[in-house]
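> Mind looking over this structure? Questions follow.
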Amino acid sequence: MGVRQAAASRDKIAALKEPCSAKMKKLLYQFDTDTLPSVFDNVVGYDGGADHISAYGGVNAENVGALVEGAIFTRSPKDKKNTAVFLGGSNMLQGEAVLMAIRAKFFAKFRVSVMFDCNGSNTTAAAAVAWLAHTCALTGKRAVVLAGSGPVGQRAAVLLAREGADVAVTGRRRAGIQAACDAIKTRFGIDVEAIEAATNADRAAAIQGAHIVLATGASGVTLLDAKQWQENPSLELIADANASPPAGIEGVGLSDRAASSHGKILFGPLGFGALKLALHRACIARLFEQNDLVLDAEEIYAIAKGMVGS
Ligand SMILES: NC(=O)c1ccc[n+]([C@@H]2O[C@H](COP(=O)([O-])OP(=O)(O)OC[C@H]3O[C@@H](n4cnc5c(N)ncnc54)[C@H](OP(=O)(O)O)[C@@H]3O)[C@@H](O)[C@H]2O)c1
């Protein structure tokens, strides 16, 4: 046997003797409260480093327990970091209930890392607010989140308030937007003002005296006409999360990133969406570094702050 063959044979034997964890697949369990698990979350899960993803729809606080047991009891303590959970879905309250049920199953070393990102709520809000805070200090500013009752809007309101802004959120019906503010208060202990604003004219009135406007309405819904922000003298920063035409805020470009217009600084959905995607992938990668992470608003925002502008 030549020197090369002998070396190759030694390498093969060494590989066989390697501890199990070196070859262990990174398994991501994608739980979704909606019937059909999100394709977006599935793709980003692979791009973030998962070797295999099992996606489950219709997950709720009652049926998630058995799934979690399968994840926590199957691998040795040192190998558990190769199993992780991603939790998504369009209903924030249901998602939070499932997250609580997942955490209730963990004990001692029997746990795996979890990322919570209902409808991209944490990663999208974190990317948008991180860019706004990177552009100027938000302390003492008045921020209005338009159509803020959805998952993205709720998380954005929280992060803006954590940056020191005085925050209001609008919704078409008083009951719906007040329920979102109550949920924010319950989860984060933060007071956010609820403003009923059913029309573009109502929303234009709601942003009088505001410095920051962030639109987080449903896809393809225009919440503000161009003139309504262009002629508002107090506005400094404007961001729109909606990437499906027409724009959520008329006149804000899809790819605007700190673009100047009418004396305001604009961010479009793709302008901060690049950070959202990079952040989502980075969070998935972190899940496989240790087995005891819970990545929710606070943790994901901290990661976003470390990535923005770099
Ligand atoms: N840029 C990115 O990287 C990125 C990533 C993820 C998501 N997004 C976008 O972020 C936005 C927010 O996502 P989400 O999941 O939080 O949204 P969502 O839950 O679908 O909608 C948010 C709110 O929009 C309001 N709304 C619905 N239909 C409306 C209408 N016809 N007129 C006025 N308001 C209406 C509703 O509030 P009320 O019923 O209280 O009025 C709803 O709670 C979406 O446009 C989504 O596509 C962007």
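Residues are named by chain letter and number: chains run A, B, ... in the order of the structure tokens, numbers start at 1 in each chain, and ligands are numbered from 1 in the order shown.
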Return as a ChimeraX atom specification the residues of protein, DNA or RNA that approach ligand 1 to within 6 Å, with only C-alpha atoms and all ligand atoms taken into account.
/A:119-120,124,147-153,171-173,176-177,216-219,221,241-243,269-270,273,276
> Please, could you write that set of residues out with N, CA and C atoms as a PDB file, in the first residue's frame?

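Contents of the output file out28.pdb:
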```
ATOM      1  N   ASN A 119     -45.771  34.918  10.893  1.00  0.00           N
ATOM      2  CA  ASN A 119     -45.871  35.768   9.681  1.00  0.00           C
ATOM      3  C   ASN A 119     -44.650  36.655   9.495  1.00  0.00           C
ATOM      4  N   GLY A 120     -43.503  36.202   9.936  1.00  0.00           N
ATOM      5  CA  GLY A 120     -42.293  37.030   9.822  1.00  0.00           C
ATOM      6  C   GLY A 120     -42.319  38.235  10.742  1.00  0.00           C
ATOM      7  N   THR A 124     -39.281  40.807  10.483  1.00  0.00           N
ATOM      8  CA  THR A 124     -39.646  41.973   9.665  1.00  0.00           C
ATOM      9  C   THR A 124     -39.633  43.248  10.510  1.00  0.00           C
ATOM     10  N   ALA A 147     -52.105  50.327  10.469  1.00  0.00           N
ATOM     11  CA  ALA A 147     -52.616  48.946  10.389  1.00  0.00           C
ATOM     12  C   ALA A 147     -51.739  48.035  11.254  1.00  0.00           C
ATOM     13  N   GLY A 148     -51.544  48.467  12.467  1.00  0.00           N
ATOM     14  CA  GLY A 148     -50.612  47.771  13.363  1.00  0.00           C
ATOM     15  C   GLY A 148     -51.206  46.629  14.168  1.00  0.00           C
ATOM     16  N   SER A 149     -52.394  46.163  13.796  1.00  0.00           N
ATOM     17  CA  SER A 149     -53.001  45.078  14.584  1.00  0.00           C
ATOM     18  C   SER A 149     -52.483  43.701  14.183  1.00  0.00           C
ATOM     19  N   GLY A 150     -51.806  43.583  13.039  1.00  0.00           N
ATOM     20  CA  GLY A 150     -51.294  42.281  12.594  1.00  0.00           C
ATOM     21  C   GLY A 150     -50.000  41.926  13.318  1.00  0.00           C
ATOM     22  N   PRO A 151     -49.473  40.740  13.041  1.00  0.00           N
ATOM     23  CA  PRO A 151     -48.248  40.287  13.715  1.00  0.00           C
ATOM     24  C   PRO A 151     -47.053  41.243  13.538  1.00  0.00           C
ATOM     25  N   VAL A 152     -46.839  41.710  12.308  1.00  0.00           N
ATOM     26  CA  VAL A 152     -45.686  42.592  12.074  1.00  0.00           C
ATOM     27  C   VAL A 152     -45.874  43.913  12.808  1.00  0.00           C
ATOM     28  N   GLY A 153     -47.078  44.480  12.711  1.00  0.00           N
ATOM     29  CA  GLY A 153     -47.346  45.771  13.349  1.00  0.00           C
ATOM     30  C   GLY A 153     -47.217  45.711  14.861  1.00  0.00           C
ATOM     31  N   GLY A 171     -55.966  51.030  13.426  1.00  0.00           N
ATOM     32  CA  GLY A 171     -56.706  49.894  12.877  1.00  0.00           C
ATOM     33  C   GLY A 171     -58.057  50.403  12.432  1.00  0.00           C
ATOM     34  N   ARG A 172     -58.729  49.610  11.600  1.00  0.00           N
ATOM     35  CA  ARG A 172     -60.000  50.110  11.058  1.00  0.00           C
ATOM     36  C   ARG A 172     -61.117  50.126  12.094  1.00  0.00           C
ATOM     37  N   ARG A 173     -61.034  49.205  13.050  1.00  0.00           N
ATOM     38  CA  ARG A 173     -62.083  49.151  14.063  1.00  0.00           C
ATOM     39  C   ARG A 173     -61.477  49.267  15.453  1.00  0.00           C
ATOM     40  N   GLY A 176     -60.712  45.930  17.381  1.00  0.00           N
ATOM     41  CA  GLY A 176     -59.578  45.143  16.881  1.00  0.00           C
ATOM     42  C   GLY A 176     -58.240  45.744  17.290  1.00  0.00           C
ATOM     43  N   ILE A 177     -58.132  47.062  17.163  1.00  0.00           N
ATOM     44  CA  ILE A 177     -56.834  47.681  17.453  1.00  0.00           C
ATOM     45  C   ILE A 177     -56.601  47.745  18.965  1.00  0.00           C
ATOM     46  N   THR A 216     -47.785  48.743   8.210  1.00  0.00           N
ATOM     47  CA  THR A 216     -47.702  47.274   8.310  1.00  0.00           C
ATOM     48  C   THR A 216     -49.050  46.648   7.953  1.00  0.00           C
ATOM     49  N   GLY A 217     -49.693  47.223   6.943  1.00  0.00           N
ATOM     50  CA  GLY A 217     -51.002  46.715   6.533  1.00  0.00           C
ATOM     51  C   GLY A 217     -50.895  45.442   5.715  1.00  0.00           C
ATOM     52  N   ALA A 218     -52.051  44.824   5.492  1.00  0.00           N
ATOM     53  CA  ALA A 218     -52.111  43.593   4.697  1.00  0.00           C
ATOM     54  C   ALA A 218     -51.563  43.854   3.290  1.00  0.00           C
ATOM     55  N   SER A 219     -51.100  42.789   2.649  1.00  0.00           N
ATOM     56  CA  SER A 219     -50.499  42.880   1.304  1.00  0.00           C
ATOM     57  C   SER A 219     -51.407  43.620   0.337  1.00  0.00           C
ATOM     58  N   VAL A 221     -52.555  46.655   0.152  1.00  0.00           N
ATOM     59  CA  VAL A 221     -53.526  47.667   0.602  1.00  0.00           C
ATOM     60  C   VAL A 221     -52.790  48.996   0.800  1.00  0.00           C
ATOM     61  N   ALA A 241     -43.916  48.255   4.916  1.00  0.00           N
ATOM     62  CA  ALA A 241     -43.565  46.822   4.924  1.00  0.00           C
ATOM     63  C   ALA A 241     -44.162  46.057   3.747  1.00  0.00           C
ATOM     64  N   ASN A 242     -45.188  46.592   3.131  1.00  0.00           N
ATOM     65  CA  ASN A 242     -45.933  45.842   2.106  1.00  0.00           C
ATOM     66  C   ASN A 242     -45.193  45.769   0.766  1.00  0.00           C
ATOM     67  N   ALA A 243     -44.823  44.563   0.371  1.00  0.00           N
ATOM     68  CA  ALA A 243     -44.057  44.395  -0.868  1.00  0.00           C
ATOM     69  C   ALA A 243     -44.937  44.026  -2.061  1.00  0.00           C
ATOM     70  N   PRO A 269     -40.187  48.192   1.346  1.00  0.00           N
ATOM     71  CA  PRO A 269     -40.176  46.819   1.874  1.00  0.00           C
ATOM     72  C   PRO A 269     -38.937  46.011   1.505  1.00  0.00           C
ATOM     73  N   LEU A 270     -38.428  46.227   0.283  1.00  0.00           N
ATOM     74  CA  LEU A 270     -37.212  45.493  -0.082  1.00  0.00           C
ATOM     75  C   LEU A 270     -35.978  46.206   0.453  1.00  0.00           C
ATOM     76  N   GLY A 273     -36.011  44.740   3.581  1.00  0.00           N
ATOM     77  CA  GLY A 273     -36.277  43.299   3.471  1.00  0.00           C
ATOM     78  C   GLY A 273     -35.012  42.462   3.325  1.00  0.00           C
ATOM     79  N   LYS A 276     -34.088  41.727   6.689  1.00  0.00           N
ATOM     80  CA  LYS A 276     -35.051  40.753   7.238  1.00  0.00           C
ATOM     81  C   LYS A 276     -34.653  39.323   6.861  1.00  0.00           C
TER      82      LYS A 276
END
```
> Among segment 23-254 of chain A, which residues does DSSP mark as strand (DSSP E or B) when it is run on the backbone? Keep the chain and numbering as in the structure and answer as an MDAnalysis selection string.
chainID A and resid 27:32 52:56 83:88 107 110 113:116 142:146 166:171 193:196 212:215 224 237:240 249
> Using DSSP secondary structure from the backbone, list all alpha helix (DSSP H) positions within segment 66-202 of chain A, as a ChimeraX atom specification.
/A:66-72,92-105,121-135,151-162,174-188,200-202
> For a test of reading the model, state the distance in Å between atom CA of Ala297 of chain A and atom CA of Cys118 of chain A, rounded to one decimal.
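Going from atom CA of Ala297 of chain A over to atom CA of Cys118 of chain A, I get 10.7 Å.
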> If you count only C-alpha atoms, which residues fall within 9 Å of segment 26-28 of chain A, apart from same-chain ones fewer than 3 positions away, as a VMD selection string?
chain A and resid 45 to 46 49 to 55 81 to 86 284 288
> Which of these residues is nearest to Phe267 of chain A, using only C-alpha atoms: A:Arg203, A:Ala128, A:Cys283, A:His211?
A:Ala128
> Tell me, as a PyMOL selection string, which residues lie within 12 Å of Asp79 of chain A, counting only C-alpha atoms; anything in the same chain fewer than 3 positions away does not count.
chain A and resi 19-27+71-76+82-84+109-112+288-291
> Could you tell me how far atom CA of Ala66 of chain A sits from atom CA of Ala104 of chain A, in Å to one decimal place?
12.1 Å
> When you count only C-alpha atoms, which of these residues is closest to Ile300 of chain A: A:Asp117, A:Glu96, A:Glu231, A:Glu193?
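Of all the options, A:Asp117 lies closest to Ile300 of chain A.
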> Between A:Ala130, A:Ala108, A:Val192, A:Ala183, which is the closest to Asp166 of chain A once you count only C-alpha atoms?
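The answer is A:Val192, which sits nearest to Asp166 of chain A.
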> I'd like the contact shell of segment 249-257 of chain A - 8 Å cut-off, only C-alpha atoms, skipping same-chain residues fewer than 6 positions apart - returned as a PDB file with N, CA and C atoms, in the first residue's frame.

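In the end it all went to around-v9.pdb:
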```pdb
ATOM      1  N   ALA A 215     -45.823  51.591   7.960  1.00  0.00           N
ATOM      2  CA  ALA A 215     -47.055  50.936   7.495  1.00  0.00           C
ATOM      3  C   ALA A 215     -46.876  49.425   7.529  1.00  0.00           C
ATOM      4  N   THR A 222     -53.265  50.051   0.099  1.00  0.00           N
ATOM      5  CA  THR A 222     -52.660  51.382   0.257  1.00  0.00           C
ATOM      6  C   THR A 222     -53.311  52.100   1.430  1.00  0.00           C
ATOM      7  N   LEU A 223     -52.491  52.481   2.380  1.00  0.00           N
ATOM      8  CA  LEU A 223     -53.001  53.059   3.631  1.00  0.00           C
ATOM      9  C   LEU A 223     -52.898  54.581   3.653  1.00  0.00           C
ATOM     10  N   LEU A 224     -52.029  55.125   2.791  1.00  0.00           N
ATOM     11  CA  LEU A 224     -51.773  56.566   2.810  1.00  0.00           C
ATOM     12  C   LEU A 224     -51.467  57.013   1.385  1.00  0.00           C
ATOM     13  N   ASP A 225     -52.082  58.135   0.962  1.00  0.00           N
ATOM     14  CA  ASP A 225     -51.758  58.704  -0.365  1.00  0.00           C
ATOM     15  C   ASP A 225     -50.448  59.489  -0.259  1.00  0.00           C
ATOM     16  N   ALA A 226     -49.785  59.688  -1.385  1.00  0.00           N
ATOM     17  CA  ALA A 226     -48.480  60.356  -1.375  1.00  0.00           C
ATOM     18  C   ALA A 226     -48.549  61.733  -0.723  1.00  0.00           C
ATOM     19  N   ALA A 239     -41.587  54.330   6.592  1.00  0.00           N
ATOM     20  CA  ALA A 239     -41.244  52.981   6.136  1.00  0.00           C
ATOM     21  C   ALA A 239     -42.520  52.220   5.802  1.00  0.00           C
ATOM     22  N   ASP A 240     -42.430  51.378   4.785  1.00  0.00           N
ATOM     23  CA  ASP A 240     -43.589  50.596   4.332  1.00  0.00           C
ATOM     24  C   ASP A 240     -43.176  49.124   4.245  1.00  0.00           C
ATOM     25  N   ALA A 243     -44.823  44.563   0.371  1.00  0.00           N
ATOM     26  CA  ALA A 243     -44.057  44.395  -0.868  1.00  0.00           C
ATOM     27  C   ALA A 243     -44.937  44.026  -2.061  1.00  0.00           C
ATOM     28  N   LEU A 266     -36.955  57.720   3.439  1.00  0.00           N
ATOM     29  CA  LEU A 266     -37.895  56.633   3.116  1.00  0.00           C
ATOM     30  C   LEU A 266     -37.228  55.258   3.114  1.00  0.00           C
ATOM     31  N   PHE A 267     -37.982  54.274   3.614  1.00  0.00           N
ATOM     32  CA  PHE A 267     -37.571  52.868   3.526  1.00  0.00           C
ATOM     33  C   PHE A 267     -38.710  52.060   2.908  1.00  0.00           C
ATOM     34  N   GLY A 268     -38.411  51.361   1.828  1.00  0.00           N
ATOM     35  CA  GLY A 268     -39.396  50.488   1.201  1.00  0.00           C
ATOM     36  C   GLY A 268     -39.232  49.058   1.695  1.00  0.00           C
ATOM     37  N   PRO A 269     -40.187  48.192   1.346  1.00  0.00           N
ATOM     38  CA  PRO A 269     -40.176  46.819   1.874  1.00  0.00           C
ATOM     39  C   PRO A 269     -38.937  46.011   1.505  1.00  0.00           C
ATOM     40  N   LEU A 270     -38.428  46.227   0.283  1.00  0.00           N
ATOM     41  CA  LEU A 270     -37.212  45.493  -0.082  1.00  0.00           C
ATOM     42  C   LEU A 270     -35.978  46.206   0.453  1.00  0.00           C
ATOM     43  N   GLY A 271     -36.112  47.502   0.678  1.00  0.00           N
ATOM     44  CA  GLY A 271     -35.002  48.283   1.240  1.00  0.00           C
ATOM     45  C   GLY A 271     -34.563  47.747   2.584  1.00  0.00           C
ATOM     46  N   PHE A 272     -35.530  47.369   3.434  1.00  0.00           N
ATOM     47  CA  PHE A 272     -35.137  46.735   4.700  1.00  0.00           C
ATOM     48  C   PHE A 272     -35.351  45.211   4.670  1.00  0.00           C
TER      49      PHE A 272
END
```
> May I have the residues within 12 Å of Ser310 of chain A as a list in words, using only C-alpha atoms and disregarding those fewer than 5 positions away in the same chain?
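Contacts, in chain order: Ala130, Trp131, His134, Ala274, Leu275, Ala278, Leu279, Ala304 and Lys305 of chain A.
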> Could you jot down the atom CA of Asp292 of chain A to atom CA of Gly65 of chain A separation for me, Å, one decimal place?
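Between these atoms lies a distance of 17.3 Å.
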> For Ile190 of chain A, please output as a ChimeraX atom specification all residues within 9 Å (counting only C-alpha atoms; exclusion window: fewer than 4 positions along the same chain).
/A:158,161-162,181,184-186
> Take the selection from the previous step and output its residues with N, CA and C atoms, as a short mmCIF file (atom, residue, chain, number, x, y, z; two decimals), in the first residue's frame.

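Output (part_0.cif):
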```cif
data_model
loop_
_atom_site.label_atom_id
_atom_site.label_comp_id
_atom_site.auth_asym_id
_atom_site.auth_seq_id
_atom_site.Cartn_x
_atom_site.Cartn_y
_atom_site.Cartn_z
N VAL A 158 -43.84 47.42 19.56
CA VAL A 158 -43.05 47.09 20.75
C VAL A 158 -41.60 47.57 20.59
N ALA A 161 -41.24 51.32 20.74
CA ALA A 161 -41.37 51.78 22.14
C ALA A 161 -40.10 51.47 22.92
N ARG A 162 -39.51 50.30 22.67
CA ARG A 162 -38.25 49.94 23.36
C ARG A 162 -37.11 50.88 22.98
N CYS A 181 -53.44 46.23 21.23
CA CYS A 181 -52.70 46.98 22.25
C CYS A 181 -52.75 46.25 23.60
N ILE A 184 -50.23 43.48 23.52
CA ILE A 184 -48.87 44.03 23.68
C ILE A 184 -48.60 44.31 25.15
N LYS A 185 -49.59 44.88 25.82
CA LYS A 185 -49.43 45.21 27.25
C LYS A 185 -49.23 43.93 28.07
N THR A 186 -50.01 42.89 27.74
CA THR A 186 -49.91 41.62 28.47
C THR A 186 -48.54 40.98 28.28
#
```
